[in-house]
Amino acid sequence: MYYQFIMSGKDHSLPDPILTDSDISRDEEKLASDQSQPEEPEILLSEFNLRSILVLIGSFLALFCSVGFVNAFGIFQEYYSSHILAHKSASDISWLGSFNVFCMFGTTIIVGYLNDKHGPRILLASGSLTIVFALFMTSLCKDYYQFFLAQGLLLGLGLAFVFLPSIAVIPQYFTHHRGLAMGIVVSGSSMGGVIWPIALQNFFDSVGFGWGVRISAFMMVPLLGFAILTVRVPMPIAPPSSTPINANISISKQPKPKPDIYIIKNPILLLLAAGLFLVYLGLFSPFFYITSWTISLGLDANMGFYMVSIINAASLFGRILPGLWADRIGAYNIMVVSAGLSGVVCMCWTEATSIGGIVVLSLAYGFVSGAVIGLQGACASQIAKPHQYGVVMGFTMSVISIAGLIGSPINGQLLSKWQYLGLSLFSGSAMLLGMLVLILAKLRVNPVFFGKA
């Protein structure tokens with residue numbers, strides 16, 4: 001009809017449409033939704049690209065070979081106590097693992113500074129060679145001091161040069177999905193904790209200790225090689241107004257920020273490090289002693305060796321899923337909950353007296369403790385700038401290393417005097433105290449108790 005009025009040339013004016021408040025609000029909502037829809041795909045496109053995915057895979061493999069191998073120390077602990085070092089106490093043998101953790105975490109502040117200054121590739125290459133050499137030397141050891149130098153000292157130093165650069169590079173690629181990315185990378189250590197104990201136990205039974213360790217070293221060579229080739233810092237972004245030729249010139253002329261060590265004075269970082277120190281006093285106790293606990297009850301010894309893998313299998317999901325949640329409600333919030341639940345579950349340790357009960361305990365502890373390891377890097381990088389990531393992560397882990405050094409020997413002494421009940425109560429109490437300190441750090445980030453932080 002409207003078309004006929006125009007064609008007839010007559011003046012038939014139509015009444016103006018009447019717009020109500022609901023029509024206006026509906027149009028505004030539609031406009032807002034149309035404007036907001038492209039944002040998320042742009043974020044996904046910019047963060048999850050070929051280069052960043054290769055970095056994720058390379059970092060995952062690096063942690064699989066470094067921290068994942070450390071998570072299998074429970075197999076070494078049991079093997080040494082029953083074979084090569086049977087004349088040594090559990091506390092003496094645990095020093096090998098604790099000193100290894102101390103060297104791995106304690107030197108990270110130096111490695112972090114070098115990483116911020118020179119990048120990850122040189123550090124990864126030198127660390128990978130050190131790890132392989134240290135494992136070959138460990139396979140030849142006969143005396144306690146030889147194991148201490150090869151597996152405790154040399155291997156720990158090599159692990160530090162592989163471990164820290166692999167996680168310090170992740171926040172440079174991911175901002176909106178940083179918790180998820182860190183969880184995926186750190187889950188490599190959980191995957192290593194699942195596979196290495198089973199592999200080592202089968203190697204020791206089939207080909208002996210020496211060749212078992214050497215085969216493990218050979219397995220690491222291609223995995224670490226892939227990490228060396230793929231883990232690198234992102235390319236600098238040229239100004240939007242630059243032409244392709246000028247963009248290359250502007251990128252080359254951009255001064256590289258110098259590593260900043262003064263960030264370690266940040267009170268939030270100090271509280272975070274103090275809280276994690278307390279948590280780490282007891283965090284690895286189930287990882288190291290769950291096998292010996294199972295055997296001490298007279299249960300299936302073979303199943304006891306698999307408990308370490310069960311804990312790490314649950315920890316795999318406990319590092320990825322909390323990372324996804326951390327992007328929504330905050331890394332500090334998830335860290336606090338994880339530390340508290342880990343302490344509670346650890347205190348229930350001695351109530352598990354059957355294979356089924358120990359399996360349930362291992363699954364529960366592995367899942368709730370996963371976020372502590374998975375999100376410590378995300379929490380530290382949240383208060384720093386990109387050129388400070390290596391320093392803040394290195395400082396945090398250096399503080400943690402002291403807990404790793406003294407935690408296992410303390411637990412060994414508690415085990416000899418007060419059995420597993422004293423071990424579980426001390427470890428659980430330490431993690432609960434750490435939770436309280438982490439709450440203080442969270443409140444410095446966001447004073448609102450239930451706010452995102």
# chains A, B, ... in the order shown; residues from 1 in each chain; ligands from 1

call {"tool": "closest_atom_pairs", "arguments": {"of": "stretch 357-411 of chain A", "to": "stretch 309-315 of chain A", "cutoff": "6 Å", "atoms": "only C-alpha atoms", "output": "Markdown table"}}
result
| residue | atom | partner | partner_atom | distance |
| --- | --- | --- | --- | --- |
| A:Ser362 | CA | A:Ile311 | CA | 4.8 |
| A:Leu363 | CA | A:Ala314 | CA | 5.2 |
| A:Gly366 | CA | A:Ser315 | CA | 4.2 |
| A:Phe367 | CA | A:Ser315 | CA | 4.6 |
| A:Gly370 | CA | A:Ser315 | CA | 4.7 |

call {"tool": "write_last_selection", "arguments": {"atoms": "all heavy atoms", "output": "PDB file, in the first residue's frame"}}
result
ATOM      1  N   SER A 362      44.365 -40.593  47.574  1.00  0.00           N
ATOM      2  CA  SER A 362      45.306 -40.133  46.553  1.00  0.00           C
ATOM      3  C   SER A 362      44.613 -39.282  45.503  1.00  0.00           C
ATOM      4  O   SER A 362      45.135 -38.239  45.081  1.00  0.00           O
ATOM      5  CB  SER A 362      45.993 -41.333  45.891  1.00  0.00           C
ATOM      6  OG  SER A 362      46.691 -42.107  46.835  1.00  0.00           O
ATOM      7  N   LEU A 363      43.429 -39.708  45.072  1.00  0.00           N
ATOM      8  CA  LEU A 363      42.682 -38.937  44.075  1.00  0.00           C
ATOM      9  C   LEU A 363      42.275 -37.574  44.633  1.00  0.00           C
ATOM     10  O   LEU A 363      42.402 -36.537  43.959  1.00  0.00           O
ATOM     11  CB  LEU A 363      41.445 -39.715  43.632  1.00  0.00           C
ATOM     12  CG  LEU A 363      41.689 -40.958  42.779  1.00  0.00           C
ATOM     13  CD1 LEU A 363      40.390 -41.733  42.580  1.00  0.00           C
ATOM     14  CD2 LEU A 363      42.300 -40.587  41.438  1.00  0.00           C
ATOM     15  N   GLY A 366      45.493 -35.370  45.215  1.00  0.00           N
ATOM     16  CA  GLY A 366      46.071 -34.944  43.951  1.00  0.00           C
ATOM     17  C   GLY A 366      45.277 -33.823  43.307  1.00  0.00           C
ATOM     18  O   GLY A 366      45.850 -32.863  42.776  1.00  0.00           O
ATOM     19  N   PHE A 367      43.942 -33.919  43.374  1.00  0.00           N
ATOM     20  CA  PHE A 367      43.116 -32.890  42.730  1.00  0.00           C
ATOM     21  C   PHE A 367      43.171 -31.563  43.482  1.00  0.00           C
ATOM     22  O   PHE A 367      43.388 -30.510  42.883  1.00  0.00           O
ATOM     23  CB  PHE A 367      41.667 -33.369  42.626  1.00  0.00           C
ATOM     24  CG  PHE A 367      40.769 -32.401  41.912  1.00  0.00           C
ATOM     25  CD1 PHE A 367      40.761 -32.340  40.531  1.00  0.00           C
ATOM     26  CD2 PHE A 367      39.941 -31.533  42.621  1.00  0.00           C
ATOM     27  CE1 PHE A 367      39.937 -31.436  39.862  1.00  0.00           C
ATOM     28  CE2 PHE A 367      39.119 -30.629  41.969  1.00  0.00           C
ATOM     29  CZ  PHE A 367      39.123 -30.580  40.581  1.00  0.00           C
ATOM     30  N   GLY A 370      46.556 -29.681  43.273  1.00  0.00           N
ATOM     31  CA  GLY A 370      47.068 -29.324  41.958  1.00  0.00           C
ATOM     32  C   GLY A 370      47.133 -27.833  41.715  1.00  0.00           C
ATOM     33  O   GLY A 370      48.071 -27.336  41.084  1.00  0.00           O
TER      34      GLY A 370
END

call {"tool": "select_by_dssp", "arguments": {"residues": "stretch 42-268 of chain A", "states": "helix (DSSP H, G or I)", "output": "JSON, numbers by chain"}}
result
{"A": [42, 43, 44, 45, 46, 47, 50, 51, 52, 53, 54, 55, 56, 57, 58, 59, 60, 61, 62, 63, 64, 65, 67, 68, 69, 70, 73, 74, 75, 76, 77, 78, 79, 80, 81, 82, 90, 91, 92, 93, 94, 95, 96, 97, 98, 99, 100, 101, 102, 103, 104, 105, 106, 108, 109, 110, 111, 112, 113, 114, 115, 116, 117, 118, 120, 121, 122, 123, 124, 125, 126, 127, 128, 129, 130, 131, 132, 133, 134, 135, 136, 137, 138, 144, 145, 146, 147, 148, 149, 150, 151, 152, 153, 154, 155, 156, 157, 158, 159, 160, 161, 162, 163, 164, 165, 166, 167, 168, 170, 171, 172, 173, 178, 179, 180, 181, 182, 183, 184, 185, 186, 187, 188, 189, 190, 191, 192, 193, 194, 195, 196, 197, 198, 199, 200, 201, 202, 203, 204, 205, 206, 209, 210, 211, 212, 213, 214, 215, 216, 217, 218, 219, 220, 221, 222, 223, 224, 225, 226, 227, 228, 229, 230, 244, 245, 246, 247, 248, 249, 250, 251, 252, 253, 262, 263, 264, 265, 267, 268]}

call {"tool": "residues_around", "arguments": {"residues": "A:Leu63", "least_positions_apart": "4", "cutoff": "9 Å", "atoms": "only C-alpha atoms", "output": "ChimeraX atom specification"}}
result
/A:58-59,67-69,159,162-163,166-167,185-190,192

call {"tool": "atom_distance", "arguments": {"atom1": "atom CA of A:Ser429", "atom2": "atom CA of A:Cys348"}}
result
11.6 Å

call {"tool": "closest_residue", "arguments": {"among": "A:Tyr80, A:Phe148, A:Phe105, A:Phe174", "to": "A:Leu56", "atoms": "only C-alpha atoms"}}
result
A:Phe174
